[in-house]
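Dropping final10.cif in here (mmCIF, C-alpha atoms; chains and numbers go by the auth columns):
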```cif
data_target
loop_
_atom_site.group_PDB
_atom_site.id
_atom_site.type_symbol
_atom_site.label_atom_id
_atom_site.label_comp_id
_atom_site.label_asym_id
_atom_site.label_seq_id
_atom_site.Cartn_x
_atom_site.Cartn_y
_atom_site.Cartn_z
_atom_site.B_iso_or_equiv
_atom_site.auth_seq_id
_atom_site.auth_asym_id
ATOM 1 C CA MET A 1 -44.399 40.174 -66.452 0.00 1 A
ATOM 2 C CA VAL A 2 -43.832 39.324 -62.799 0.00 2 A
ATOM 3 C CA ARG A 3 -46.400 38.050 -60.318 0.00 3 A
ATOM 4 C CA LEU A 4 -45.534 37.012 -56.757 0.00 4 A
ATOM 5 C CA LEU A 5 -48.430 36.049 -54.500 0.00 5 A
ATOM 6 C CA ASP A 6 -47.974 35.663 -50.737 0.00 6 A
ATOM 7 C CA VAL A 7 -44.366 34.525 -51.204 0.00 7 A
ATOM 8 C CA CYS A 8 -42.399 33.478 -48.131 0.00 8 A
ATOM 9 C CA LYS A 9 -38.829 32.258 -47.918 0.00 9 A
ATOM 10 C CA VAL A 10 -37.085 30.652 -44.962 0.00 10 A
ATOM 11 C CA TYR A 11 -33.550 29.409 -45.608 0.00 11 A
ATOM 12 C CA GLU A 12 -32.457 25.935 -44.524 0.00 12 A
ATOM 13 C CA ASN A 13 -30.617 27.325 -41.497 0.00 13 A
ATOM 14 C CA GLY A 14 -33.917 28.767 -40.257 0.00 14 A
ATOM 15 C CA THR A 15 -33.249 32.360 -41.312 0.00 15 A
ATOM 16 C CA PRO A 16 -36.460 34.072 -42.494 0.00 16 A
ATOM 17 C CA ALA A 17 -35.904 36.181 -45.630 0.00 17 A
ATOM 18 C CA LEU A 18 -39.346 37.002 -47.058 0.00 18 A
ATOM 19 C CA SER A 19 -42.783 37.117 -45.481 0.00 19 A
ATOM 20 C CA GLY A 20 -45.993 37.511 -47.473 0.00 20 A
ATOM 21 C CA ILE A 21 -44.545 39.236 -50.558 0.00 21 A
ATOM 22 C CA ASN A 22 -47.144 40.328 -53.120 0.00 22 A
ATOM 23 C CA LEU A 23 -45.571 41.879 -56.202 0.00 23 A
ATOM 24 C CA LYS A 24 -46.889 42.713 -59.662 0.00 24 A
ATOM 25 C CA ILE A 25 -44.707 44.173 -62.419 0.00 25 A
ATOM 26 C CA ASP A 26 -46.299 44.556 -65.839 0.00 26 A
ATOM 27 C CA ASP A 27 -44.513 44.375 -69.173 0.00 27 A
ATOM 28 C CA GLY A 28 -42.725 47.627 -69.972 0.00 28 A
ATOM 29 C CA GLU A 29 -42.604 48.976 -66.414 0.00 29 A
ATOM 30 C CA PHE A 30 -39.580 50.584 -64.750 0.00 30 A
ATOM 31 C CA VAL A 31 -39.470 49.723 -61.052 0.00 31 A
ATOM 32 C CA PHE A 32 -37.022 50.447 -58.256 0.00 32 A
ATOM 33 C CA LEU A 33 -36.808 47.844 -55.466 0.00 33 A
ATOM 34 C CA VAL A 34 -35.214 49.557 -52.486 0.00 34 A
ATOM 35 C CA GLY A 35 -34.139 48.558 -49.001 0.00 35 A
ATOM 36 C CA SER A 36 -31.169 48.145 -46.725 0.00 36 A
ATOM 37 C CA SER A 37 -28.792 45.201 -46.678 0.00 37 A
ATOM 38 C CA ALA A 38 -30.500 41.964 -45.567 0.00 38 A
ATOM 39 C CA SER A 39 -33.952 43.456 -46.225 0.00 39 A
ATOM 40 C CA GLY A 40 -34.835 40.685 -48.701 0.00 40 A
ATOM 41 C CA LYS A 41 -34.002 42.370 -52.021 0.00 41 A
ATOM 42 C CA SER A 42 -31.447 39.769 -53.103 0.00 42 A
ATOM 43 C CA THR A 43 -33.750 36.896 -52.157 0.00 43 A
ATOM 44 C CA ILE A 44 -36.470 38.311 -54.413 0.00 44 A
ATOM 45 C CA VAL A 45 -33.986 38.457 -57.298 0.00 45 A
ATOM 46 C CA LYS A 46 -32.902 34.859 -56.653 0.00 46 A
ATOM 47 C CA ILE A 47 -36.527 33.715 -56.644 0.00 47 A
ATOM 48 C CA LEU A 48 -37.304 35.588 -59.875 0.00 48 A
ATOM 49 C CA THR A 49 -34.387 33.831 -61.608 0.00 49 A
ATOM 50 C CA SER A 50 -35.165 30.464 -59.994 0.00 50 A
ATOM 51 C CA GLU A 51 -31.818 30.413 -58.205 0.00 51 A
ATOM 52 C CA VAL A 52 -33.688 29.603 -54.999 0.00 52 A
ATOM 53 C CA LYS A 53 -37.164 28.202 -54.447 0.00 53 A
ATOM 54 C CA MET A 54 -39.779 29.968 -52.364 0.00 54 A
ATOM 55 C CA THR A 55 -40.874 28.219 -49.179 0.00 55 A
ATOM 56 C CA SER A 56 -44.508 29.022 -49.887 0.00 56 A
ATOM 57 C CA GLY A 57 -46.607 31.193 -52.173 0.00 57 A
ATOM 58 C CA ARG A 58 -46.866 31.393 -55.948 0.00 58 A
ATOM 59 C CA GLY A 59 -44.843 33.087 -58.661 0.00 59 A
ATOM 60 C CA ILE A 60 -44.809 33.677 -62.411 0.00 60 A
ATOM 61 C CA VAL A 61 -42.036 35.355 -64.431 0.00 61 A
ATOM 62 C CA ASN A 62 -42.449 35.939 -68.173 0.00 62 A
ATOM 63 C CA GLY A 63 -44.949 33.091 -68.405 0.00 63 A
ATOM 64 C CA PHE A 64 -42.861 30.603 -66.396 0.00 64 A
ATOM 65 C CA ASN A 65 -44.528 29.145 -63.307 0.00 65 A
ATOM 66 C CA LEU A 66 -41.837 29.283 -60.620 0.00 66 A
ATOM 67 C CA ASN A 67 -43.589 26.617 -58.549 0.00 67 A
ATOM 68 C CA ARG A 68 -43.648 24.045 -61.341 0.00 68 A
ATOM 69 C CA ILE A 69 -40.695 24.959 -63.549 0.00 69 A
ATOM 70 C CA LYS A 70 -38.603 21.971 -64.630 0.00 70 A
ATOM 71 C CA PRO A 71 -34.807 22.190 -64.304 0.00 71 A
ATOM 72 C CA SER A 72 -34.536 21.889 -68.098 0.00 72 A
ATOM 73 C CA LYS A 73 -36.625 25.066 -68.481 0.00 73 A
ATOM 74 C CA ILE A 74 -34.620 27.241 -66.068 0.00 74 A
ATOM 75 C CA PRO A 75 -32.049 28.302 -68.720 0.00 75 A
ATOM 76 C CA GLU A 76 -34.949 29.419 -70.926 0.00 76 A
ATOM 77 C CA LEU A 77 -36.373 31.476 -68.056 0.00 77 A
ATOM 78 C CA ARG A 78 -32.992 33.078 -67.442 0.00 78 A
ATOM 79 C CA ARG A 79 -32.611 33.969 -71.122 0.00 79 A
ATOM 80 C CA SER A 80 -35.795 36.010 -70.773 0.00 80 A
ATOM 81 C CA VAL A 81 -34.300 37.930 -67.818 0.00 81 A
ATOM 82 C CA GLY A 82 -31.024 39.799 -68.335 0.00 82 A
ATOM 83 C CA ILE A 83 -28.990 40.459 -65.183 0.00 83 A
ATOM 84 C CA VAL A 84 -26.671 43.395 -64.491 0.00 84 A
ATOM 85 C CA PHE A 85 -24.451 43.002 -61.414 0.00 85 A
ATOM 86 C CA GLN A 86 -22.682 45.526 -59.206 0.00 86 A
ATOM 87 C CA ASP A 87 -19.253 43.981 -59.844 0.00 87 A
ATOM 88 C CA PHE A 88 -19.612 43.838 -63.682 0.00 88 A
ATOM 89 C CA ARG A 89 -18.470 40.171 -63.943 0.00 89 A
ATOM 90 C CA LEU A 90 -16.653 40.676 -67.230 0.00 90 A
ATOM 91 C CA ILE A 91 -14.060 38.234 -68.564 0.00 91 A
ATOM 92 C CA ASP A 92 -10.724 40.042 -68.303 0.00 92 A
ATOM 93 C CA LYS A 93 -9.041 38.210 -71.189 0.00 93 A
ATOM 94 C CA LYS A 94 -11.848 38.914 -73.650 0.00 94 A
ATOM 95 C CA THR A 95 -12.454 42.178 -75.499 0.00 95 A
ATOM 96 C CA VAL A 96 -15.637 44.196 -75.100 0.00 96 A
ATOM 97 C CA TYR A 97 -16.994 42.599 -78.287 0.00 97 A
ATOM 98 C CA GLU A 98 -16.049 39.112 -77.108 0.00 98 A
ATOM 99 C CA ASN A 99 -17.616 39.620 -73.664 0.00 99 A
ATOM 100 C CA VAL A 100 -20.951 40.548 -75.205 0.00 100 A
ATOM 101 C CA ALA A 101 -20.744 37.918 -77.952 0.00 101 A
ATOM 102 C CA PHE A 102 -20.004 35.260 -75.322 0.00 102 A
ATOM 103 C CA ALA A 103 -23.521 35.712 -73.900 0.00 103 A
ATOM 104 C CA MET A 104 -24.979 34.982 -77.335 0.00 104 A
ATOM 105 C CA ARG A 105 -22.733 31.981 -77.965 0.00 105 A
ATOM 106 C CA ALA A 106 -23.810 30.563 -74.603 0.00 106 A
ATOM 107 C CA VAL A 107 -27.391 30.290 -75.866 0.00 107 A
ATOM 108 C CA GLY A 108 -26.408 28.904 -79.256 0.00 108 A
ATOM 109 C CA ALA A 109 -26.877 31.995 -81.434 0.00 109 A
ATOM 110 C CA PRO A 110 -25.458 31.560 -84.960 0.00 110 A
ATOM 111 C CA PRO A 111 -22.305 33.555 -85.856 0.00 111 A
ATOM 112 C CA ARG A 112 -24.061 35.713 -88.481 0.00 112 A
ATOM 113 C CA ILE A 113 -26.623 36.868 -85.900 0.00 113 A
ATOM 114 C CA ILE A 114 -23.867 37.573 -83.353 0.00 114 A
ATOM 115 C CA LYS A 115 -21.939 39.701 -85.867 0.00 115 A
ATOM 116 C CA LYS A 116 -25.031 41.797 -86.490 0.00 116 A
ATOM 117 C CA ARG A 117 -26.454 42.029 -82.981 0.00 117 A
ATOM 118 C CA VAL A 118 -23.329 42.766 -80.889 0.00 118 A
ATOM 119 C CA PRO A 119 -22.308 45.984 -82.708 0.00 119 A
ATOM 120 C CA TYR A 120 -25.913 47.202 -82.574 0.00 120 A
ATOM 121 C CA VAL A 121 -26.135 46.705 -78.809 0.00 121 A
ATOM 122 C CA LEU A 122 -22.709 48.264 -78.215 0.00 122 A
ATOM 123 C CA GLN A 123 -23.827 51.289 -80.222 0.00 123 A
ATOM 124 C CA LEU A 124 -26.969 51.469 -78.097 0.00 124 A
ATOM 125 C CA VAL A 125 -24.901 51.714 -74.902 0.00 125 A
ATOM 126 C CA GLY A 126 -22.411 54.123 -76.473 0.00 126 A
ATOM 127 C CA LEU A 127 -19.427 51.781 -76.697 0.00 127 A
ATOM 128 C CA GLU A 128 -19.146 50.959 -80.381 0.00 128 A
ATOM 129 C CA HIS A 129 -15.697 52.629 -80.380 0.00 129 A
ATOM 130 C CA LYS A 130 -14.495 50.324 -77.563 0.00 130 A
ATOM 131 C CA MET A 131 -15.240 46.959 -79.191 0.00 131 A
ATOM 132 C CA LYS A 132 -11.569 45.905 -79.296 0.00 132 A
ATOM 133 C CA SER A 133 -10.720 47.169 -75.787 0.00 133 A
ATOM 134 C CA PHE A 134 -10.227 44.907 -72.778 0.00 134 A
ATOM 135 C CA PRO A 135 -12.042 45.455 -69.441 0.00 135 A
ATOM 136 C CA ASN A 136 -8.887 46.740 -67.703 0.00 136 A
ATOM 137 C CA GLU A 137 -8.687 49.492 -70.317 0.00 137 A
ATOM 138 C CA LEU A 138 -12.140 50.814 -69.428 0.00 138 A
ATOM 139 C CA SER A 139 -13.491 53.100 -66.715 0.00 139 A
ATOM 140 C CA GLY A 140 -15.955 51.741 -64.162 0.00 140 A
ATOM 141 C CA GLY A 141 -18.848 53.359 -65.996 0.00 141 A
ATOM 142 C CA GLU A 142 -17.729 51.860 -69.295 0.00 142 A
ATOM 143 C CA ARG A 143 -17.415 48.404 -67.766 0.00 143 A
ATOM 144 C CA GLN A 144 -20.933 48.668 -66.428 0.00 144 A
ATOM 145 C CA ARG A 145 -22.132 49.694 -69.894 0.00 145 A
ATOM 146 C CA VAL A 146 -20.559 46.499 -71.240 0.00 146 A
ATOM 147 C CA ALA A 147 -22.425 44.572 -68.542 0.00 147 A
ATOM 148 C CA VAL A 148 -25.674 46.263 -69.617 0.00 148 A
ATOM 149 C CA ALA A 149 -24.959 45.375 -73.265 0.00 149 A
ATOM 150 C CA ARG A 150 -24.316 41.761 -72.294 0.00 150 A
ATOM 151 C CA ALA A 151 -27.614 41.622 -70.386 0.00 151 A
ATOM 152 C CA LEU A 152 -29.450 43.150 -73.335 0.00 152 A
ATOM 153 C CA VAL A 153 -27.864 41.281 -76.232 0.00 153 A
ATOM 154 C CA ASN A 154 -30.152 38.233 -76.125 0.00 154 A
ATOM 155 C CA ASN A 155 -33.195 40.521 -76.263 0.00 155 A
ATOM 156 C CA PRO A 156 -34.687 39.625 -72.862 0.00 156 A
ATOM 157 C CA SER A 157 -38.204 40.648 -71.897 0.00 157 A
ATOM 158 C CA MET A 158 -36.863 42.030 -68.628 0.00 158 A
ATOM 159 C CA ILE A 159 -33.608 43.262 -67.130 0.00 159 A
ATOM 160 C CA ILE A 160 -32.836 43.035 -63.425 0.00 160 A
ATOM 161 C CA ALA A 161 -30.085 45.454 -62.436 0.00 161 A
ATOM 162 C CA ASP A 162 -28.820 44.384 -59.008 0.00 162 A
ATOM 163 C CA GLU A 163 -27.055 47.372 -57.371 0.00 163 A
ATOM 164 C CA PRO A 164 -25.777 48.447 -60.824 0.00 164 A
ATOM 165 C CA THR A 165 -24.233 51.674 -59.554 0.00 165 A
ATOM 166 C CA GLY A 166 -22.704 50.370 -56.329 0.00 166 A
ATOM 167 C CA ASN A 167 -19.131 50.741 -57.619 0.00 167 A
ATOM 168 C CA LEU A 168 -19.639 54.023 -59.496 0.00 168 A
ATOM 169 C CA ASP A 169 -19.361 57.695 -58.605 0.00 169 A
ATOM 170 C CA PRO A 170 -22.549 59.836 -58.551 0.00 170 A
ATOM 171 C CA LYS A 171 -22.090 61.212 -62.090 0.00 171 A
ATOM 172 C CA MET A 172 -21.531 57.773 -63.593 0.00 172 A
ATOM 173 C CA SER A 173 -24.437 56.419 -61.564 0.00 173 A
ATOM 174 C CA ILE A 174 -26.793 58.920 -63.178 0.00 174 A
ATOM 175 C CA GLU A 175 -25.435 58.036 -66.626 0.00 175 A
ATOM 176 C CA ILE A 176 -25.994 54.304 -66.099 0.00 176 A
ATOM 177 C CA MET A 177 -29.500 54.897 -64.745 0.00 177 A
ATOM 178 C CA SER A 178 -30.303 57.120 -67.726 0.00 178 A
ATOM 179 C CA LEU A 179 -29.111 54.317 -70.008 0.00 179 A
ATOM 180 C CA LEU A 180 -31.399 51.832 -68.253 0.00 180 A
ATOM 181 C CA GLU A 181 -34.243 54.326 -68.633 0.00 181 A
ATOM 182 C CA LYS A 182 -33.527 54.567 -72.370 0.00 182 A
ATOM 183 C CA ILE A 183 -33.573 50.774 -72.704 0.00 183 A
ATOM 184 C CA ASN A 184 -36.869 50.672 -70.826 0.00 184 A
ATOM 185 C CA GLU A 185 -38.338 53.230 -73.233 0.00 185 A
ATOM 186 C CA LEU A 186 -37.494 50.818 -76.065 0.00 186 A
ATOM 187 C CA GLY A 187 -39.802 48.253 -74.429 0.00 187 A
ATOM 188 C CA THR A 188 -37.705 46.212 -71.970 0.00 188 A
ATOM 189 C CA THR A 189 -39.150 45.814 -68.482 0.00 189 A
ATOM 190 C CA MET A 190 -36.669 47.146 -65.904 0.00 190 A
ATOM 191 C CA LEU A 191 -36.265 46.182 -62.241 0.00 191 A
ATOM 192 C CA VAL A 192 -33.477 48.111 -60.513 0.00 192 A
ATOM 193 C CA VAL A 193 -32.462 46.869 -57.066 0.00 193 A
ATOM 194 C CA THR A 194 -30.659 49.482 -54.995 0.00 194 A
ATOM 195 C CA HIS A 195 -30.199 51.118 -51.606 0.00 195 A
ATOM 196 C CA GLU A 196 -29.067 54.471 -53.010 0.00 196 A
ATOM 197 C CA ARG A 197 -31.744 56.944 -51.951 0.00 197 A
ATOM 198 C CA GLU A 198 -30.352 59.970 -53.784 0.00 198 A
ATOM 199 C CA LEU A 199 -30.193 58.096 -57.081 0.00 199 A
ATOM 200 C CA VAL A 200 -33.771 56.810 -56.828 0.00 200 A
ATOM 201 C CA ASN A 201 -35.030 60.305 -56.087 0.00 201 A
ATOM 202 C CA GLU A 202 -33.483 61.609 -59.326 0.00 202 A
ATOM 203 C CA PHE A 203 -35.961 59.548 -61.352 0.00 203 A
ATOM 204 C CA SER A 204 -39.747 59.658 -61.150 0.00 204 A
ATOM 205 C CA LYS A 205 -40.458 55.924 -61.241 0.00 205 A
ATOM 206 C CA ARG A 206 -42.409 53.365 -59.291 0.00 206 A
ATOM 207 C CA VAL A 207 -40.619 52.643 -56.008 0.00 207 A
ATOM 208 C CA ILE A 208 -41.180 49.473 -53.971 0.00 208 A
ATOM 209 C CA ALA A 209 -39.605 49.543 -50.511 0.00 209 A
ATOM 210 C CA ILE A 210 -38.856 46.358 -48.584 0.00 210 A
ATOM 211 C CA ASP A 211 -37.806 45.997 -44.958 0.00 211 A
ATOM 212 C CA GLN A 212 -37.247 42.820 -42.960 0.00 212 A
ATOM 213 C CA GLY A 213 -38.720 40.692 -45.705 0.00 213 A
ATOM 214 C CA ARG A 214 -41.931 42.672 -46.132 0.00 214 A
ATOM 215 C CA ILE A 215 -43.039 45.254 -48.685 0.00 215 A
ATOM 216 C CA ILE A 216 -43.721 48.422 -46.692 0.00 216 A
ATOM 217 C CA SER A 217 -44.387 50.844 -49.553 0.00 217 A
ATOM 218 C CA ASP A 218 -45.269 50.734 -53.256 0.00 218 A
ATOM 219 C CA LYS A 219 -45.741 54.107 -54.941 0.00 219 A
ATOM 220 C CA MET A 220 -45.806 55.365 -58.509 0.00 220 A
ATOM 221 C CA GLY A 221 -43.359 58.218 -58.901 0.00 221 A
ATOM 222 C CA GLY A 222 -42.536 57.753 -55.264 0.00 222 A
ATOM 223 C CA TYR A 223 -39.557 59.017 -53.339 0.00 223 A
ATOM 224 C CA TYR A 224 -37.252 56.842 -51.314 0.00 224 A
ATOM 225 C CA GLN A 225 -37.468 58.758 -48.036 0.00 225 A
ATOM 226 C CA ASN A 226 -37.073 56.309 -45.191 0.00 226 A
ATOM 227 C CA GLU A 227 -33.785 57.171 -43.478 0.00 227 A
ATOM 228 C CA ASN A 228 -33.618 53.720 -41.905 0.00 228 A
ATOM 229 C CA LEU A 229 -33.605 51.851 -45.221 0.00 229 A
#
```

Transcribe the structure of this file into structure tokens.
Amino acid sequence: MVRLLDVCKVYENGTPALSGINLKIDDGEFVFLVGSSASGKSTIVKILTSEVKMTSGRGIVNGFNLNRIKPSKIPELRRSVGIVFQDFRLIDKKTVYENVAFAMRAVGAPPRIIKKRVPYVLQLVGLEHKMKSFPNELSGGERQRVAVARALVNNPSMIIADEPTGNLDPKMSIEIMSLLEKINELGTTMLVVTHERELVNEFSKRVIAIDQGRIISDKMGGYYQNENL
């Protein structure tokens, strides 16, 4: 669950990033957050993961109060929110299995749970046959599937996919988005941040459009039509 109420963000150098953001995402939703570069999308993601603090307003993510969260609780918040990045961020010297298992070891999961959970998640993303492969032996789409598995392996309540198809061709982009849709259907809340209009329009989901730090549109099953975004 996400709630942002009248959130504003002005960076220390005086640059305004967000102005009066009101956002509600319920458990189990699939939402696209769309907008051009520097529209405020990345700042929203950083606020949701407590990477930056809002200048004013209120926010709650998965039961954590973003205004009052203690530094010691931030790792717990981030465990409840899996992140998928555009540039994959895999460890080159680790196999597919080891990359995904690393995310579980980082939160102290016991070895017996890791051995059971990692193969299950890799099967879910269609990479059980690539467990012993290294990232440089994979296609871009396969690497992004590993990144999705890594985000999913600790069973987060929500996944934020930040430009997850930015380095992929159109066919692979559709495949990754279909995978995220499948994960959402299993109960994980999904927030996909993107500027790719054609991709958004392939899926009938809720679309929130942001421009110059303000939400300008929020439609269920909406289309991303603004040519200037």

Which of A:Gly40, A:Pro156, A:Gly28, A:Gly140 sits closest to Thr189 (chain A) [using only C-alpha atoms]: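 Result for the nearest residue to Thr189 (chain A): A:Gly28.
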
Could you give me, as a PyMOL selection string, the residues within 10 Å of region 42-58 of chain A, counting all atoms listed in the file and dropping anything in the same chain fewer than 3 positions from it? chain A and resi 2-12+16-23+33+37-39+61-62+64-69+71+74-75+77-83+160-163+191+193-194+213

Would you save the residues of that selection, restricted to C-alpha atoms, as a tab-separated table (two decimals), in the coordinates of the input?
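part_39.tsv was written with the following content:
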```tsv
chain	number	residue	atom	x	y	z
A	2	VAL	CA	-43.83	39.32	-62.80
A	3	ARG	CA	-46.40	38.05	-60.32
A	4	LEU	CA	-45.53	37.01	-56.76
A	5	LEU	CA	-48.43	36.05	-54.50
A	6	ASP	CA	-47.97	35.66	-50.74
A	7	VAL	CA	-44.37	34.52	-51.20
A	8	CYS	CA	-42.40	33.48	-48.13
A	9	LYS	CA	-38.83	32.26	-47.92
A	10	VAL	CA	-37.08	30.65	-44.96
A	11	TYR	CA	-33.55	29.41	-45.61
A	12	GLU	CA	-32.46	25.94	-44.52
A	16	PRO	CA	-36.46	34.07	-42.49
A	17	ALA	CA	-35.90	36.18	-45.63
A	18	LEU	CA	-39.35	37.00	-47.06
A	19	SER	CA	-42.78	37.12	-45.48
A	20	GLY	CA	-45.99	37.51	-47.47
A	21	ILE	CA	-44.54	39.24	-50.56
A	22	ASN	CA	-47.14	40.33	-53.12
A	23	LEU	CA	-45.57	41.88	-56.20
A	33	LEU	CA	-36.81	47.84	-55.47
A	37	SER	CA	-28.79	45.20	-46.68
A	38	ALA	CA	-30.50	41.96	-45.57
A	39	SER	CA	-33.95	43.46	-46.22
A	61	VAL	CA	-42.04	35.35	-64.43
A	62	ASN	CA	-42.45	35.94	-68.17
A	64	PHE	CA	-42.86	30.60	-66.40
A	65	ASN	CA	-44.53	29.14	-63.31
A	66	LEU	CA	-41.84	29.28	-60.62
A	67	ASN	CA	-43.59	26.62	-58.55
A	68	ARG	CA	-43.65	24.04	-61.34
A	69	ILE	CA	-40.70	24.96	-63.55
A	71	PRO	CA	-34.81	22.19	-64.30
A	74	ILE	CA	-34.62	27.24	-66.07
A	75	PRO	CA	-32.05	28.30	-68.72
A	77	LEU	CA	-36.37	31.48	-68.06
A	78	ARG	CA	-32.99	33.08	-67.44
A	79	ARG	CA	-32.61	33.97	-71.12
A	80	SER	CA	-35.80	36.01	-70.77
A	81	VAL	CA	-34.30	37.93	-67.82
A	82	GLY	CA	-31.02	39.80	-68.33
A	83	ILE	CA	-28.99	40.46	-65.18
A	160	ILE	CA	-32.84	43.04	-63.42
A	161	ALA	CA	-30.08	45.45	-62.44
A	162	ASP	CA	-28.82	44.38	-59.01
A	163	GLU	CA	-27.06	47.37	-57.37
A	191	LEU	CA	-36.26	46.18	-62.24
A	193	VAL	CA	-32.46	46.87	-57.07
A	194	THR	CA	-30.66	49.48	-55.00
A	213	GLY	CA	-38.72	40.69	-45.70
```

Would you pick out the contacts of Ile113 (chain A) at 12 Å or less, using only C-alpha atoms, so that residues sharing its chain but fewer than 4 positions from it are not included, and give the list as an MDAnalysis selection string? chainID A and resid 101 104:105 108:109 117:120 153:154

Can you work out the spacing between CA of Val100 (chain A) and CA of Leu122 (chain A) in Å, to one decimal?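 Rounded to one decimal, the two atoms are 8.5 Å apart.
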
Tell me which protein, DNA and RNA residues are within 7 Å of Ile210 (chain A), counting all atoms listed in the file, leaving out same-chain ones fewer than 2 positions away, and put them as a PyMOL selection string. chain A and resi 34-35+39-40+208+212-216
